Amino acid sequence: MKKIAVILSGCGVYDGSEIHEAVLTLLAIDQCGASYRCFAPNINQHHVINHLTGVVSEDETRNVLVESARIARGDVEDISEFYIDEWDALIVPGGFGAAKNLSDFAINGSECQVNEHVLNMCQAFAQAGKPAGYMCIAPAMLPLIYPKGVKGTIGHNAGTAESIVDMGMQHIETNVESVVIDKDNKVVSTPAYMLATSISEAATGITRLVKTVIAMS
């Protein structure tokens, strides 16, 4: 049975993992006959957003690992305790947490950095030649993980794509149902909720990404 590591970034589209993307990822992995384990960094979120009003909660702090446990039903590990030899592939769902907690792309754009532990884990898969899938805004981290020219997609948002291209990624426009495959680097990406207008639209591309990553492993 293939074992897939999944990196979460909190719980909630505006300040953590996009919940639909995360759950659809776990479902697709299970339906493919593989197993998964969720990981998250043990750090505070960049900020907390009230998902009902969209307003930042100024006096509230939340921990990324603790919040990720909501999605993982408590079964989540501190990313610092990850060991590459135990896993066949990696998948990173999106949500603003990928651009605020796993990295600071939402704040610093093309001058962004990836959290040290997240970077170590992602680079471990790259260096071991093991496949990985990134969805939604998570592909913004690819130029900091893989060699210059790595192929990926966030759909066709021109402004976001321009920043990622400035970082060294070869951006390929695609639609919500499709995936972009970088065969040399064994990286698969899909736009998910960068383009999706419904959960079923998001599910099509996410399921395709998961199947492709598992097939490559």
# chains A, B, ... in the order shown; residues from 1 in each chain; ligands from 1
$ select_by_dssp --residues "range 10-217 of chain A" --states "strand (DSSP E)" --output "list of chain:residue names"
A:Ser35, A:Tyr36, A:Arg37, A:Cys38, A:Phe39, A:Ala40, A:Val76, A:Glu77, A:Asp78, A:Ala89, A:Leu90, A:Ile91, A:Val92, A:Ala132, A:Gly133, A:Tyr134, A:Met135, A:Lys151, A:Gly152, A:Gln170, A:His171, A:Val180, A:Ile181, A:Asp182, A:Val187, A:Val188, A:Ser189, A:Thr190
$ write_last_selection --atoms "N, CA and C atoms" --output "PDB file, in the first residue's frame"
ATOM      1  N   SER A  35      -2.762   4.885   1.757  1.00  0.00           N
ATOM      2  CA  SER A  35      -2.973   5.417   3.101  1.00  0.00           C
ATOM      3  C   SER A  35      -2.346   6.800   3.191  1.00  0.00           C
ATOM      4  N   TYR A  36      -2.727   7.554   4.214  1.00  0.00           N
ATOM      5  CA  TYR A  36      -2.197   8.903   4.373  1.00  0.00           C
ATOM      6  C   TYR A  36      -1.935   9.205   5.832  1.00  0.00           C
ATOM      7  N   ARG A  37      -1.123  10.213   6.040  1.00  0.00           N
ATOM      8  CA  ARG A  37      -0.897  10.782   7.371  1.00  0.00           C
ATOM      9  C   ARG A  37      -0.738  12.278   7.192  1.00  0.00           C
ATOM     10  N   CYS A  38      -1.376  13.035   8.055  1.00  0.00           N
ATOM     11  CA  CYS A  38      -1.315  14.497   7.965  1.00  0.00           C
ATOM     12  C   CYS A  38      -0.200  15.041   8.861  1.00  0.00           C
ATOM     13  N   PHE A  39       0.446  16.082   8.357  1.00  0.00           N
ATOM     14  CA  PHE A  39       1.500  16.789   9.083  1.00  0.00           C
ATOM     15  C   PHE A  39       1.197  18.278   9.056  1.00  0.00           C
ATOM     16  N   ALA A  40       1.699  19.009  10.037  1.00  0.00           N
ATOM     17  CA  ALA A  40       1.557  20.464  10.064  1.00  0.00           C
ATOM     18  C   ALA A  40       2.644  21.053  10.947  1.00  0.00           C
ATOM     19  N   VAL A  76      -2.667  13.899  13.509  1.00  0.00           N
ATOM     20  CA  VAL A  76      -1.749  14.765  12.779  1.00  0.00           C
ATOM     21  C   VAL A  76      -0.434  14.834  13.537  1.00  0.00           C
ATOM     22  N   GLU A  77       0.666  14.895  12.809  1.00  0.00           N
ATOM     23  CA  GLU A  77       1.988  14.933  13.431  1.00  0.00           C
ATOM     24  C   GLU A  77       2.660  16.278  13.215  1.00  0.00           C
ATOM     25  N   ASP A  78       3.491  16.647  14.176  1.00  0.00           N
ATOM     26  CA  ASP A  78       4.360  17.812  14.026  1.00  0.00           C
ATOM     27  C   ASP A  78       5.291  17.547  12.842  1.00  0.00           C
ATOM     28  N   ALA A  89       4.991   9.496  -1.320  1.00  0.00           N
ATOM     29  CA  ALA A  89       4.640  10.716  -2.057  1.00  0.00           C
ATOM     30  C   ALA A  89       4.112  11.768  -1.087  1.00  0.00           C
ATOM     31  N   LEU A  90       4.034  12.988  -1.571  1.00  0.00           N
ATOM     32  CA  LEU A  90       3.586  14.143  -0.780  1.00  0.00           C
ATOM     33  C   LEU A  90       2.477  14.879  -1.525  1.00  0.00           C
ATOM     34  N   ILE A  91       1.472  15.352  -0.786  1.00  0.00           N
ATOM     35  CA  ILE A  91       0.444  16.220  -1.367  1.00  0.00           C
ATOM     36  C   ILE A  91       0.204  17.403  -0.430  1.00  0.00           C
ATOM     37  N   VAL A  92       0.107  18.602  -1.010  1.00  0.00           N
ATOM     38  CA  VAL A  92      -0.101  19.827  -0.231  1.00  0.00           C
ATOM     39  C   VAL A  92      -1.368  20.530  -0.726  1.00  0.00           C
ATOM     40  N   ALA A 132       5.260  14.561  -5.869  1.00  0.00           N
ATOM     41  CA  ALA A 132       4.529  15.460  -4.986  1.00  0.00           C
ATOM     42  C   ALA A 132       3.444  16.176  -5.773  1.00  0.00           C
ATOM     43  N   GLY A 133       2.363  16.501  -5.089  1.00  0.00           N
ATOM     44  CA  GLY A 133       1.279  17.255  -5.697  1.00  0.00           C
ATOM     45  C   GLY A 133       0.970  18.499  -4.888  1.00  0.00           C
ATOM     46  N   TYR A 134       0.788  19.609  -5.582  1.00  0.00           N
ATOM     47  CA  TYR A 134       0.486  20.887  -4.947  1.00  0.00           C
ATOM     48  C   TYR A 134      -0.749  21.471  -5.619  1.00  0.00           C
ATOM     49  N   MET A 135      -1.675  22.003  -4.836  1.00  0.00           N
ATOM     50  CA  MET A 135      -2.914  22.520  -5.424  1.00  0.00           C
ATOM     51  C   MET A 135      -3.247  23.921  -4.936  1.00  0.00           C
ATOM     52  N   LYS A 151       7.845  23.269 -13.508  1.00  0.00           N
ATOM     53  CA  LYS A 151       6.549  23.567 -14.108  1.00  0.00           C
ATOM     54  C   LYS A 151       5.429  23.426 -13.076  1.00  0.00           C
ATOM     55  N   GLY A 152       4.476  24.349 -13.143  1.00  0.00           N
ATOM     56  CA  GLY A 152       3.340  24.280 -12.239  1.00  0.00           C
ATOM     57  C   GLY A 152       2.241  25.206 -12.685  1.00  0.00           C
ATOM     58  N   GLN A 170       8.050  27.942 -14.159  1.00  0.00           N
ATOM     59  CA  GLN A 170       7.447  28.002 -15.485  1.00  0.00           C
ATOM     60  C   GLN A 170       5.956  27.766 -15.310  1.00  0.00           C
ATOM     61  N   HIS A 171       5.176  28.850 -15.385  1.00  0.00           N
ATOM     62  CA  HIS A 171       3.737  28.725 -15.135  1.00  0.00           C
ATOM     63  C   HIS A 171       3.009  28.310 -16.403  1.00  0.00           C
ATOM     64  N   VAL A 180      -1.201  19.891 -14.243  1.00  0.00           N
ATOM     65  CA  VAL A 180       0.065  20.118 -14.948  1.00  0.00           C
ATOM     66  C   VAL A 180       1.092  19.173 -14.346  1.00  0.00           C
ATOM     67  N   ILE A 181       1.775  18.430 -15.201  1.00  0.00           N
ATOM     68  CA  ILE A 181       2.742  17.434 -14.744  1.00  0.00           C
ATOM     69  C   ILE A 181       4.145  17.842 -15.187  1.00  0.00           C
ATOM     70  N   ASP A 182       5.031  17.998 -14.225  1.00  0.00           N
ATOM     71  CA  ASP A 182       6.445  18.201 -14.503  1.00  0.00           C
ATOM     72  C   ASP A 182       7.107  16.829 -14.329  1.00  0.00           C
ATOM     73  N   VAL A 187       6.456  16.498 -10.218  1.00  0.00           N
ATOM     74  CA  VAL A 187       5.549  17.404  -9.529  1.00  0.00           C
ATOM     75  C   VAL A 187       4.249  17.529 -10.322  1.00  0.00           C
ATOM     76  N   VAL A 188       3.129  17.444  -9.622  1.00  0.00           N
ATOM     77  CA  VAL A 188       1.812  17.592 -10.235  1.00  0.00           C
ATOM     78  C   VAL A 188       1.097  18.748  -9.541  1.00  0.00           C
ATOM     79  N   SER A 189       0.429  19.596 -10.311  1.00  0.00           N
ATOM     80  CA  SER A 189      -0.314  20.709  -9.716  1.00  0.00           C
ATOM     81  C   SER A 189      -1.661  20.878 -10.399  1.00  0.00           C
ATOM     82  N   THR A 190      -2.609  21.472  -9.665  1.00  0.00           N
ATOM     83  CA  THR A 190      -3.952  21.726 -10.201  1.00  0.00           C
ATOM     84  C   THR A 190      -4.505  22.975  -9.520  1.00  0.00           C
TER      85      THR A 190
END
$ select_by_dssp --residues "chain A" --states "alpha helix (DSSP H)" --output "PyMOL selection string"
chain A and resi 19-31+64-71+97-100+105-108+116-128+158-167+199-216
$ closest_residue --among "A:Ile7, A:Leu209, A:Met216, A:Leu24" --to "Gly97 in chain A" --atoms "only C-alpha atoms"
A:Ile7
$ residues_around --residues "Asn120 in chain A" --least-positions-apart "6" --cutoff "10 Å" --atoms "only C-alpha atoms" --output "PDB file with C-alpha atoms, in the first residue's frame"
ATOM      1  CA  ILE A  79       6.129  18.302  10.689  1.00  0.00           C
ATOM      2  CA  SER A  80       9.494  18.397  12.468  1.00  0.00           C
ATOM      3  CA  PHE A  82       8.745  13.650   9.574  1.00  0.00           C
ATOM      4  CA  VAL A 114       8.914  28.934   3.109  1.00  0.00           C
ATOM      5  CA  ALA A 126      12.352  16.489  -4.273  1.00  0.00           C
ATOM      6  CA  ILE A 145      11.689  23.788  -3.437  1.00  0.00           C
TER       7      ILE A 145
END
$ closest_residue --among "A:Thr212, A:Gln31, A:Thr204, A:Thr174" --to "Pro131 in chain A" --atoms "only C-alpha atoms"
A:Thr212
$ atom_distance --atom1 "CA of Ala72 in chain A" --atom2 "CA of Gly109 in chain A"
29.1 Å
$ atom_distance --atom1 "CA of Ile49 in chain A" --atom2 "CA of Asp15 in chain A"
6.1 Å
$ closest_residue --among "A:Gln123, A:Ser17, A:Asn115, A:Ser178" --to "Ile137 in chain A" --atoms "only C-alpha atoms"
A:Ser17
$ closest_residue --among "A:Val179, A:Leu195, A:Met1, A:Cys11" --to "Arg70 in chain A" --atoms "only C-alpha atoms"
A:Cys11
$ residues_around --residues "His47 in chain A" --least-positions-apart "4" --cutoff "8 Å" --atoms "only C-alpha atoms" --output "list in words"
Asp15, Val56, Ser57, Glu58, Glu60, Thr61 and Arg62 of chain A
$ closest_residue --among "A:Gly33, A:Gly54, A:Gly16, A:Gly74" --to "Asn101 in chain A" --atoms "only C-alpha atoms"
A:Gly16
$ atom_distance --atom1 "CA of Ser200 in chain A" --atom2 "CA of Ile154 in chain A"
18.0 Å
$ residues_around --residues "Cys136 in chain A" --least-positions-apart "2" --cutoff "8 Å" --atoms "only C-alpha atoms" --output "list in words"
Pro93, Gly94, Gly95, Tyr134, Ala138, Pro139, Ile154, Thr190, Pro191, Ala192, Tyr193 and Met194 of chain A
